[in-house]
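Here is structure_21.cif, consisting of mmCIF, C-alpha atoms:
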data_target
#
loop_
_atom_site.group_PDB
_atom_site.id
_atom_site.type_symbol
_atom_site.label_atom_id
_atom_site.label_comp_id
_atom_site.auth_asym_id
_atom_site.auth_seq_id
_atom_site.Cartn_x
_atom_site.Cartn_y
_atom_site.Cartn_z
ATOM 1 C CA MET I 1 -129.991 -18.378 -57.569
ATOM 2 C CA PRO I 2 -126.431 -19.159 -58.724
ATOM 3 C CA ARG I 3 -125.379 -15.666 -57.641
ATOM 4 C CA LEU I 4 -126.971 -16.215 -54.223
ATOM 5 C CA ARG I 5 -125.099 -19.496 -53.816
ATOM 6 C CA SER I 6 -121.840 -17.822 -54.824
ATOM 7 C CA SER I 7 -122.418 -15.059 -52.294
ATOM 8 C CA LEU I 8 -123.133 -17.579 -49.545
ATOM 9 C CA LEU I 9 -119.980 -19.472 -50.457
ATOM 10 C CA ILE I 10 -117.897 -16.299 -50.224
ATOM 11 C CA ILE I 11 -119.420 -15.479 -46.836
ATOM 12 C CA ALA I 12 -118.696 -19.007 -45.585
ATOM 13 C CA LEU I 13 -115.100 -18.841 -46.774
ATOM 14 C CA GLY I 14 -114.662 -15.448 -45.144
ATOM 15 C CA ALA I 15 -115.965 -16.824 -41.843
ATOM 16 C CA ALA I 16 -113.536 -19.728 -42.054
ATOM 17 C CA LEU I 17 -110.619 -17.443 -42.800
ATOM 18 C CA ALA I 18 -111.579 -15.256 -39.837
ATOM 19 C CA HIS I 19 -110.718 -18.054 -37.400
ATOM 20 C CA ALA I 20 -107.541 -17.492 -35.447
ATOM 21 C CA ASP I 21 -104.919 -20.088 -36.259
ATOM 22 C CA VAL I 22 -101.700 -21.031 -34.500
ATOM 23 C CA THR I 23 -99.007 -23.337 -35.797
ATOM 24 C CA THR I 24 -96.554 -25.584 -33.989
ATOM 25 C CA THR I 25 -92.973 -26.254 -35.087
ATOM 26 C CA LEU I 26 -90.800 -28.767 -33.253
ATOM 27 C CA SER I 27 -87.017 -28.856 -33.622
ATOM 28 C CA GLY I 28 -85.415 -31.425 -31.357
ATOM 29 C CA SER I 29 -86.806 -30.655 -27.910
ATOM 30 C CA SER I 30 -87.644 -27.014 -28.759
ATOM 31 C CA LEU I 31 -91.245 -26.113 -29.670
ATOM 32 C CA VAL I 32 -92.321 -22.832 -31.274
ATOM 33 C CA VAL I 33 -96.024 -21.886 -31.202
ATOM 34 C CA THR I 34 -96.816 -19.036 -33.606
ATOM 35 C CA GLY I 35 -100.090 -17.137 -33.819
ATOM 36 C CA ASP I 36 -101.606 -14.768 -36.356
ATOM 37 C CA SER I 37 -103.095 -11.260 -36.249
ATOM 38 C CA SER I 38 -106.499 -12.531 -35.052
ATOM 39 C CA PRO I 39 -107.352 -12.946 -31.348
ATOM 40 C CA ASP I 40 -105.712 -16.232 -30.342
ATOM 41 C CA VAL I 41 -106.888 -18.196 -27.297
ATOM 42 C CA VAL I 42 -104.400 -20.940 -26.519
ATOM 43 C CA THR I 43 -103.864 -23.351 -23.626
ATOM 44 C CA ILE I 44 -100.666 -25.367 -23.271
ATOM 45 C CA ALA I 45 -100.991 -28.149 -20.726
ATOM 46 C CA GLY I 46 -98.817 -30.974 -19.504
ATOM 47 C CA ALA I 47 -99.323 -34.521 -20.741
ATOM 48 C CA PRO I 48 -97.676 -37.842 -19.734
ATOM 49 C CA ASP I 49 -95.309 -37.771 -22.733
ATOM 50 C CA GLY I 50 -95.016 -34.018 -23.363
ATOM 51 C CA ILE I 51 -97.491 -31.167 -23.766
ATOM 52 C CA VAL I 52 -100.814 -30.531 -25.500
ATOM 53 C CA VAL I 53 -101.488 -27.286 -27.400
ATOM 54 C CA SER I 54 -105.227 -26.512 -27.613
ATOM 55 C CA GLY I 55 -107.197 -23.657 -29.137
ATOM 56 C CA PHE I 56 -110.434 -22.197 -27.821
ATOM 57 C CA ASN I 57 -113.042 -19.651 -28.952
ATOM 58 C CA GLY I 58 -112.503 -20.583 -32.591
ATOM 59 C CA THR I 59 -108.711 -20.736 -32.443
ATOM 60 C CA LEU I 60 -107.330 -23.618 -34.516
ATOM 61 C CA VAL I 61 -104.041 -25.423 -33.895
ATOM 62 C CA ASP I 62 -102.299 -26.505 -37.089
ATOM 63 C CA GLY I 63 -105.635 -26.020 -38.840
ATOM 64 C CA SER I 64 -107.545 -28.299 -36.479
ATOM 65 C CA ALA I 65 -110.002 -27.707 -33.642
ATOM 66 C CA VAL I 66 -108.498 -30.704 -31.835
ATOM 67 C CA GLY I 67 -105.564 -30.164 -29.479
ATOM 68 C CA VAL I 68 -102.130 -31.147 -30.769
ATOM 69 C CA SER I 69 -99.947 -33.415 -28.612
ATOM 70 C CA VAL I 70 -96.201 -32.765 -28.822
ATOM 71 C CA PRO I 71 -93.824 -35.200 -27.076
ATOM 72 C CA GLY I 72 -90.411 -34.498 -25.605
ATOM 73 C CA VAL I 73 -90.633 -30.711 -25.304
ATOM 74 C CA GLU I 74 -88.082 -29.089 -22.985
ATOM 75 C CA LYS I 75 -88.020 -25.543 -24.387
ATOM 76 C CA LEU I 76 -91.036 -23.456 -25.445
ATOM 77 C CA THR I 77 -91.368 -20.238 -27.440
ATOM 78 C CA VAL I 78 -94.793 -18.657 -27.989
ATOM 79 C CA LYS I 79 -95.279 -15.768 -30.444
ATOM 80 C CA LEU I 80 -98.924 -14.688 -30.718
ATOM 81 C CA ARG I 81 -98.432 -11.396 -32.577
ATOM 82 C CA GLN I 82 -101.242 -8.822 -32.789
ATOM 83 C CA GLY I 83 -104.809 -9.204 -31.588
ATOM 84 C CA ASP I 84 -106.358 -9.600 -28.140
ATOM 85 C CA ASP I 85 -104.663 -12.866 -27.215
ATOM 86 C CA ARG I 86 -105.016 -15.138 -24.219
ATOM 87 C CA LEU I 87 -102.369 -17.710 -23.326
ATOM 88 C CA THR I 88 -102.543 -20.205 -20.460
ATOM 89 C CA LEU I 89 -99.765 -22.583 -19.402
ATOM 90 C CA MET I 90 -100.750 -25.133 -16.808
ATOM 91 C CA ASN I 91 -99.043 -28.087 -15.179
ATOM 92 C CA VAL I 92 -96.038 -28.089 -17.517
ATOM 93 C CA THR I 93 -92.340 -28.777 -16.950
ATOM 94 C CA LEU I 94 -89.947 -27.102 -19.397
ATOM 95 C CA SER I 95 -86.427 -27.376 -18.064
ATOM 96 C CA GLN I 96 -84.761 -25.361 -20.841
ATOM 97 C CA GLY I 97 -86.975 -22.318 -20.443
ATOM 98 C CA ILE I 98 -90.001 -20.441 -21.757
ATOM 99 C CA THR I 99 -90.203 -17.335 -23.937
ATOM 100 C CA VAL I 100 -93.534 -15.572 -24.565
ATOM 101 C CA ARG I 101 -93.825 -12.636 -26.956
ATOM 102 C CA LEU I 102 -97.163 -10.956 -27.595
ATOM 103 C CA GLY I 103 -97.817 -8.148 -30.062
ATOM 104 C CA HIS I 104 -100.108 -5.151 -29.731
ATOM 105 C CA GLY I 105 -103.541 -5.781 -28.254
ATOM 106 C CA ASN I 106 -105.155 -6.406 -24.883
ATOM 107 C CA ASP I 107 -103.413 -9.644 -23.933
ATOM 108 C CA SER I 108 -103.457 -12.042 -21.003
ATOM 109 C CA VAL I 109 -100.780 -14.561 -19.983
ATOM 110 C CA GLU I 110 -101.344 -17.001 -17.128
ATOM 111 C CA PHE I 111 -98.855 -19.508 -15.680
ATOM 112 C CA ASP I 112 -100.360 -22.076 -13.304
ATOM 113 C CA GLU I 113 -98.107 -24.770 -11.834
ATOM 114 C CA VAL I 114 -95.255 -24.194 -14.244
ATOM 115 C CA TYR I 115 -91.818 -25.662 -13.602
ATOM 116 C CA GLY I 116 -89.061 -24.410 -15.849
ATOM 117 C CA GLY I 117 -85.789 -22.696 -16.517
ATOM 118 C CA ALA I 118 -85.505 -19.019 -17.403
ATOM 119 C CA VAL I 119 -88.854 -17.410 -18.261
ATOM 120 C CA THR I 120 -89.224 -14.274 -20.400
ATOM 121 C CA ILE I 121 -92.635 -12.646 -20.978
ATOM 122 C CA GLN I 122 -92.923 -9.591 -23.241
ATOM 123 C CA THR I 123 -96.183 -7.880 -24.173
ATOM 124 C CA GLY I 124 -96.820 -5.110 -26.688
ATOM 125 C CA ASN I 125 -98.962 -2.002 -26.322
ATOM 126 C CA GLY I 126 -102.395 -2.547 -24.816
ATOM 127 C CA TYR I 127 -104.072 -3.368 -21.521
ATOM 128 C CA ASP I 128 -102.201 -6.533 -20.594
ATOM 129 C CA GLY I 129 -102.326 -8.962 -17.684
ATOM 130 C CA VAL I 130 -99.474 -11.270 -16.651
ATOM 131 C CA PHE I 131 -100.221 -13.813 -13.918
ATOM 132 C CA VAL I 132 -97.725 -16.315 -12.496
ATOM 133 C CA TYR I 133 -99.402 -18.521 -9.906
ATOM 134 C CA GLY I 134 -98.021 -21.230 -7.671
ATOM 135 C CA PRO I 135 -96.982 -23.678 -6.945
ATOM 136 C CA SER I 136 -94.565 -22.698 -9.734
ATOM 137 C CA THR I 137 -90.782 -22.995 -9.704
ATOM 138 C CA LEU I 138 -88.650 -21.042 -12.178
ATOM 139 C CA ASN I 139 -84.928 -20.371 -12.579
ATOM 140 C CA ASN I 140 -85.386 -16.687 -13.505
ATOM 141 C CA LEU I 141 -88.369 -14.486 -14.355
ATOM 142 C CA TRP I 142 -88.318 -11.432 -16.614
ATOM 143 C CA VAL I 143 -91.581 -9.598 -17.390
ATOM 144 C CA GLU I 144 -91.701 -6.573 -19.685
ATOM 145 C CA THR I 145 -94.898 -4.766 -20.654
ATOM 146 C CA SER I 146 -95.235 -1.802 -22.993
ATOM 147 C CA ASN I 147 -97.688 1.109 -22.968
ATOM 148 C CA GLY I 148 -101.165 0.570 -21.552
ATOM 149 C CA ASP I 149 -102.685 -0.059 -18.113
ATOM 150 C CA ASP I 150 -101.000 -3.353 -17.219
ATOM 151 C CA LEU I 151 -101.339 -5.751 -14.287
ATOM 152 C CA VAL I 152 -98.555 -8.130 -13.234
ATOM 153 C CA VAL I 153 -99.183 -10.648 -10.428
ATOM 154 C CA VAL I 154 -96.611 -13.135 -9.112
ATOM 155 C CA GLY I 155 -97.986 -15.317 -6.327
ATOM 156 C CA GLY I 156 -96.969 -18.488 -4.537
ATOM 157 C CA THR I 157 -93.893 -18.862 -6.712
ATOM 158 C CA TRP I 158 -90.283 -19.852 -6.062
ATOM 159 C CA VAL I 159 -87.745 -18.224 -8.369
ATOM 160 C CA ARG I 160 -84.245 -19.601 -7.875
ATOM 161 C CA GLY I 161 -82.509 -16.583 -9.458
ATOM 162 C CA ASP I 162 -83.562 -13.050 -10.424
ATOM 163 C CA VAL I 163 -86.968 -11.460 -10.892
ATOM 164 C CA ASN I 164 -87.098 -8.418 -13.208
ATOM 165 C CA ILE I 165 -90.404 -6.637 -13.847
ATOM 166 C CA ASP I 166 -90.517 -3.595 -16.132
ATOM 167 C CA THR I 167 -93.820 -1.918 -16.972
ATOM 168 C CA GLY I 168 -94.062 0.837 -19.566
ATOM 169 C CA ALA I 169 -96.026 4.062 -19.505
ATOM 170 C CA ASP I 170 -99.613 4.431 -18.232
ATOM 171 C CA ASP I 171 -101.176 3.295 -14.945
ATOM 172 C CA ASP I 172 -99.738 -0.094 -13.984
ATOM 173 C CA GLN I 173 -100.020 -2.420 -11.003
ATOM 174 C CA VAL I 174 -97.506 -5.019 -9.824
ATOM 175 C CA HIS I 175 -98.302 -7.477 -6.995
ATOM 176 C CA VAL I 176 -95.679 -9.906 -5.668
ATOM 177 C CA VAL I 177 -97.222 -12.118 -2.982
ATOM 178 C CA ALA I 178 -96.074 -15.196 -1.038
ATOM 179 C CA THR I 179 -93.022 -15.557 -3.263
ATOM 180 C CA GLN I 180 -89.409 -16.550 -2.599
ATOM 181 C CA ILE I 181 -86.662 -15.034 -4.767
ATOM 182 C CA GLY I 182 -83.228 -16.646 -4.643
ATOM 183 C CA ASP I 183 -81.265 -13.663 -5.955
ATOM 184 C CA ASP I 184 -82.212 -10.083 -6.936
ATOM 185 C CA LEU I 185 -85.598 -8.378 -7.321
ATOM 186 C CA ASP I 186 -85.815 -5.398 -9.680
ATOM 187 C CA VAL I 187 -89.146 -3.648 -10.333
ATOM 188 C CA HIS I 188 -89.329 -0.590 -12.587
ATOM 189 C CA MET I 189 -92.814 0.889 -12.945
ATOM 190 C CA GLY I 190 -92.348 3.474 -15.703
ATOM 191 C CA ASN I 191 -94.242 6.749 -16.042
ATOM 192 C CA ASP I 192 -97.749 7.648 -14.837
ATOM 193 C CA ASP I 193 -99.653 6.556 -11.708
ATOM 194 C CA ASP I 194 -98.579 3.099 -10.567
ATOM 195 C CA VAL I 195 -99.155 0.738 -7.640
ATOM 196 C CA LEU I 196 -96.598 -1.750 -6.299
ATOM 197 C CA VAL I 197 -97.489 -4.308 -3.624
ATOM 198 C CA LEU I 198 -95.097 -6.701 -1.869
ATOM 199 C CA GLU I 199 -96.595 -9.095 0.677
ATOM 200 C CA ASP I 200 -94.885 -12.052 2.377
ATOM 201 C CA VAL I 201 -91.850 -11.941 0.089
ATOM 202 C CA THR I 202 -88.259 -13.038 0.710
ATOM 203 C CA VAL I 203 -85.402 -11.777 -1.460
ATOM 204 C CA ASP I 204 -82.078 -13.486 -0.807
ATOM 205 C CA ASP I 205 -80.020 -10.662 -2.308
ATOM 206 C CA HIS I 206 -80.583 -7.077 -3.478
ATOM 207 C CA ALA I 207 -84.002 -5.463 -4.119
ATOM 208 C CA HIS I 208 -84.579 -2.320 -6.177
ATOM 209 C CA LEU I 209 -88.082 -0.817 -6.343
ATOM 210 C CA ASP I 210 -88.469 2.152 -8.706
ATOM 211 C CA GLY I 211 -91.760 3.977 -9.197
ATOM 212 C CA ASP I 212 -90.287 6.432 -11.704
ATOM 213 C CA ASP I 213 -92.512 9.443 -12.571
ATOM 214 C CA GLY I 214 -96.164 9.908 -11.648
ATOM 215 C CA ASP I 215 -98.260 9.624 -8.494
ATOM 216 C CA ASP I 216 -97.157 6.171 -7.351
ATOM 217 C CA ALA I 217 -98.062 4.052 -4.327
ATOM 218 C CA LEU I 218 -95.931 1.384 -2.641
ATOM 219 C CA PHE I 219 -97.422 -1.097 -0.158
ATOM 220 C CA LEU I 220 -95.207 -3.434 1.918
ATOM 221 C CA TYR I 221 -97.177 -6.007 3.916
ATOM 222 C CA GLY I 222 -96.645 -9.104 6.019
ATOM 223 C CA TYR I 223 -93.295 -10.836 6.392
ATOM 224 C CA LEU I 224 -90.596 -9.278 4.219
ATOM 225 C CA TRP I 225 -86.932 -10.262 4.244
ATOM 226 C CA PHE I 226 -84.090 -8.861 2.161
ATOM 227 C CA GLY I 227 -80.675 -10.496 2.210
ATOM 228 C CA ASP I 228 -78.929 -7.345 1.008
ATOM 229 C CA ASP I 229 -79.825 -3.709 0.361
ATOM 230 C CA LEU I 230 -83.375 -2.512 -0.277
ATOM 231 C CA ASP I 231 -83.337 0.506 -2.597
ATOM 232 C CA ILE I 232 -86.562 2.469 -3.052
ATOM 233 C CA ASP I 233 -86.640 5.155 -5.755
ATOM 234 C CA GLY I 234 -89.400 7.183 -7.358
ATOM 235 C CA PHE I 235 -91.771 6.840 -4.402
ATOM 236 C CA GLY I 236 -90.204 9.615 -2.309
ATOM 237 C CA ASP I 237 -92.846 12.266 -3.106
ATOM 238 C CA ASP I 238 -95.694 9.785 -3.252
ATOM 239 C CA ASP I 239 -97.333 7.344 -0.843
ATOM 240 C CA TRP I 240 -95.843 4.196 0.566
ATOM 241 C CA TRP I 241 -96.651 2.097 3.607
ATOM 242 C CA TRP I 242 -94.726 -0.520 5.536
#

Target encoding C-alpha cells, full file:
Amino acid sequence: MPRLRSSLLIIALGAALAHADVTTTLSGSSLVVTGDSSPDVVTIAGAPDGIVVSGFNGTLVDGSAVGVSVPGVEKLTVKLRQGDDRLTLMNVTLSQGITVRLGHGNDSVEFDEVYGGAVTIQTGNGYDGVFVYGPSTLNNLWVETSNGDDLVVVGGTWVRGDVNIDTGADDDQVHVVATQIGDDLDVHMGNDDDVLVLEDVTVDDHAHLDGDDGDDALFLYGYLWFGDDLDIDGFGDDDWWW
C-alpha cells in the first residue's frame, strides 16, 4: 500500500507539472508575459485600470488559475515559446506598442478591438494563424511567419503607418479586407503555392505584392485605392484577378 500511495503521488505531481504556466513581469508601464514549452492558452483583455491576463485549458498565470490584473500597462511583450499556443488580445489599449513572439508549434494569435502603437507578430515553424480584427487601430503592423501552411487575416482595421506581411515557405494565405493603410503595404508570400486577397482596401502610399515562387493566386476585389505605385511581382506566370 505505501508503494501504491507513492506511485499515485508521483502521478499527481506529474499531472500538476504538465500544466502550462505563464508568468508576468511588470517594469514601469511595460509588461512581459512569458510562456513555457507546453501549449499555452492565454487571453489578455482590457480592464478599467489596466489589463487582465487569464489562462484557459489548464494554463496557469503566475501559478494561479485565476486571472491576474495588471494596472497601468502601456507596452506589452508576449513570448510563448514552443508548443501549440493560442493568444487572444481583446479590447485593450497599449499606446507604446505590442510585440508577440511565438516559438515552433501550431499557433494562433487573435487581435480583437486592439488600439496601440507599433505591433510586431512573429511565429515560428508550424501551421499558424494570425487574425487582426476591427475595429482596431494601430500605428504600424508587421507580421512574419516561418515555415508551415499559415493564414494571415487583417480585417476592419485602420493602420496609420505601414503594413508588412512576410510568410515563409509552404502554402500560405493572406487576406486584407476592409482595411485602411496610412502609408505603405508590403506583402511577401515566400515559396510554394500561396493565395493573396485584397478586398475594399485603401493604401495611401506605395503597395508591393510579391508572390515569389510557386503556383500563386492574387485576387483583387471591391474598392481598391493606391496613393502611389502598385507593384505586383511573382504572380506573372500564375493567376490573378481584378

Selection result for the PyMOL selection byres ((chain I and resi 211-220) around 9) on this file, as a PyMOL selection string: chain I and resi 171+187-200+209-210+221-224+232-235+237-242

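Counting only C-alpha atoms, the residue from I:Asp62, I:Asp231, I:Asp172, I:Asp85 that sits nearest to I:Leu102 is I:Asp85.
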
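Considering only C-alpha atoms, the residue among I:Asp204, I:Glu74, I:Asp162, I:Glu113 positioned nearest to I:Leu94 is I:Glu74.
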
Excluding stretch 89-93 of chain I and its own-chain neighbours fewer than 4 positions away, which residues fall within 10 Å of it when counting only C-alpha atoms? Please give them as a short mmCIF file (atom, residue, chain, number, x, y, z; two decimals) with C-alpha atoms, keeping the file's coordinate frame.
data_model
loop_
_atom_site.label_atom_id
_atom_site.label_comp_id
_atom_site.auth_asym_id
_atom_site.auth_seq_id
_atom_site.Cartn_x
_atom_site.Cartn_y
_atom_site.Cartn_z
CA VAL I 42 -104.40 -20.94 -26.52
CA THR I 43 -103.86 -23.35 -23.63
CA ILE I 44 -100.67 -25.37 -23.27
CA ALA I 45 -100.99 -28.15 -20.73
CA GLY I 46 -98.82 -30.97 -19.50
CA ALA I 47 -99.32 -34.52 -20.74
CA GLY I 50 -95.02 -34.02 -23.36
CA ILE I 51 -97.49 -31.17 -23.77
CA VAL I 52 -100.81 -30.53 -25.50
CA VAL I 53 -101.49 -27.29 -27.40
CA VAL I 73 -90.63 -30.71 -25.30
CA GLU I 74 -88.08 -29.09 -22.98
CA LYS I 75 -88.02 -25.54 -24.39
CA GLY I 97 -86.98 -22.32 -20.44
CA ILE I 98 -90.00 -20.44 -21.76
CA VAL I 109 -100.78 -14.56 -19.98
CA GLU I 110 -101.34 -17.00 -17.13
CA PHE I 111 -98.86 -19.51 -15.68
CA ASP I 112 -100.36 -22.08 -13.30
CA GLU I 113 -98.11 -24.77 -11.83
CA VAL I 114 -95.26 -24.19 -14.24
CA TYR I 115 -91.82 -25.66 -13.60
CA GLY I 116 -89.06 -24.41 -15.85
CA GLY I 117 -85.79 -22.70 -16.52
CA VAL I 132 -97.72 -16.32 -12.50
CA TYR I 133 -99.40 -18.52 -9.91
CA PRO I 135 -96.98 -23.68 -6.94
CA SER I 136 -94.56 -22.70 -9.73
CA THR I 137 -90.78 -23.00 -9.70
CA LEU I 138 -88.65 -21.04 -12.18
#

Interatomic distance (Å, one decimal) between atom CA of I:Leu31 and atom CA of I:Gly155: 26.6 Å

Spatial neighbours of stretch 125-130 of chain I, 12 Å, only C-alpha atoms, chain gap at least 2 places, as a PDB file with C-alpha atoms, in the frame of the given file:
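The new file around00.pdb reads:
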ATOM      1  CA  ARG I  81     -98.432 -11.396 -32.577  1.00  0.00           C
ATOM      2  CA  GLN I  82    -101.242  -8.822 -32.789  1.00  0.00           C
ATOM      3  CA  GLY I  83    -104.809  -9.204 -31.588  1.00  0.00           C
ATOM      4  CA  ASP I  84    -106.358  -9.600 -28.140  1.00  0.00           C
ATOM      5  CA  ASP I  85    -104.663 -12.866 -27.215  1.00  0.00           C
ATOM      6  CA  ARG I  86    -105.016 -15.138 -24.219  1.00  0.00           C
ATOM      7  CA  LEU I  87    -102.369 -17.710 -23.326  1.00  0.00           C
ATOM      8  CA  THR I  88    -102.543 -20.205 -20.460  1.00  0.00           C
ATOM      9  CA  LEU I  89     -99.765 -22.583 -19.402  1.00  0.00           C
ATOM     10  CA  VAL I 100     -93.534 -15.572 -24.565  1.00  0.00           C
ATOM     11  CA  ARG I 101     -93.825 -12.636 -26.956  1.00  0.00           C
ATOM     12  CA  LEU I 102     -97.163 -10.956 -27.595  1.00  0.00           C
ATOM     13  CA  GLY I 103     -97.817  -8.148 -30.062  1.00  0.00           C
ATOM     14  CA  HIS I 104    -100.108  -5.151 -29.731  1.00  0.00           C
ATOM     15  CA  GLY I 105    -103.541  -5.781 -28.254  1.00  0.00           C
ATOM     16  CA  ASN I 106    -105.155  -6.406 -24.883  1.00  0.00           C
ATOM     17  CA  ASP I 107    -103.413  -9.644 -23.933  1.00  0.00           C
ATOM     18  CA  SER I 108    -103.457 -12.042 -21.003  1.00  0.00           C
ATOM     19  CA  VAL I 109    -100.780 -14.561 -19.983  1.00  0.00           C
ATOM     20  CA  GLU I 110    -101.344 -17.001 -17.128  1.00  0.00           C
ATOM     21  CA  PHE I 111     -98.855 -19.508 -15.680  1.00  0.00           C
ATOM     22  CA  ASP I 112    -100.360 -22.076 -13.304  1.00  0.00           C
ATOM     23  CA  THR I 120     -89.224 -14.274 -20.400  1.00  0.00           C
ATOM     24  CA  ILE I 121     -92.635 -12.646 -20.978  1.00  0.00           C
ATOM     25  CA  GLN I 122     -92.923  -9.591 -23.241  1.00  0.00           C
ATOM     26  CA  THR I 123     -96.183  -7.880 -24.173  1.00  0.00           C
ATOM     27  CA  VAL I 132     -97.725 -16.315 -12.496  1.00  0.00           C
ATOM     28  CA  TYR I 133     -99.402 -18.521  -9.906  1.00  0.00           C
ATOM     29  CA  LEU I 141     -88.369 -14.486 -14.355  1.00  0.00           C
ATOM     30  CA  TRP I 142     -88.318 -11.432 -16.614  1.00  0.00           C
ATOM     31  CA  VAL I 143     -91.581  -9.598 -17.390  1.00  0.00           C
ATOM     32  CA  GLU I 144     -91.701  -6.573 -19.685  1.00  0.00           C
ATOM     33  CA  THR I 145     -94.898  -4.766 -20.654  1.00  0.00           C
ATOM     34  CA  SER I 146     -95.235  -1.802 -22.993  1.00  0.00           C
ATOM     35  CA  ASN I 147     -97.688   1.109 -22.968  1.00  0.00           C
ATOM     36  CA  GLY I 148    -101.165   0.570 -21.552  1.00  0.00           C
ATOM     37  CA  ASP I 149    -102.685  -0.059 -18.113  1.00  0.00           C
ATOM     38  CA  ASP I 150    -101.000  -3.353 -17.219  1.00  0.00           C
ATOM     39  CA  LEU I 151    -101.339  -5.751 -14.287  1.00  0.00           C
ATOM     40  CA  VAL I 152     -98.555  -8.130 -13.234  1.00  0.00           C
ATOM     41  CA  VAL I 153     -99.183 -10.648 -10.428  1.00  0.00           C
ATOM     42  CA  VAL I 154     -96.611 -13.135  -9.112  1.00  0.00           C
ATOM     43  CA  GLY I 155     -97.986 -15.317  -6.327  1.00  0.00           C
ATOM     44  CA  ILE I 165     -90.404  -6.637 -13.847  1.00  0.00           C
ATOM     45  CA  ASP I 166     -90.517  -3.595 -16.132  1.00  0.00           C
ATOM     46  CA  THR I 167     -93.820  -1.918 -16.972  1.00  0.00           C
ATOM     47  CA  GLY I 168     -94.062   0.837 -19.566  1.00  0.00           C
ATOM     48  CA  ALA I 169     -96.026   4.062 -19.505  1.00  0.00           C
ATOM     49  CA  ASP I 170     -99.613   4.431 -18.232  1.00  0.00           C
ATOM     50  CA  ASP I 171    -101.176   3.295 -14.945  1.00  0.00           C
ATOM     51  CA  ASP I 172     -99.738  -0.094 -13.984  1.00  0.00           C
ATOM     52  CA  GLN I 173    -100.020  -2.420 -11.003  1.00  0.00           C
ATOM     53  CA  VAL I 174     -97.506  -5.019  -9.824  1.00  0.00           C
ATOM     54  CA  HIS I 175     -98.302  -7.477  -6.995  1.00  0.00           C
ATOM     55  CA  VAL I 176     -95.679  -9.906  -5.668  1.00  0.00           C
TER      56      VAL I 176
END

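You will find atom CA of I:Gly156 at 26.1 Å from atom CA of I:Lys79.
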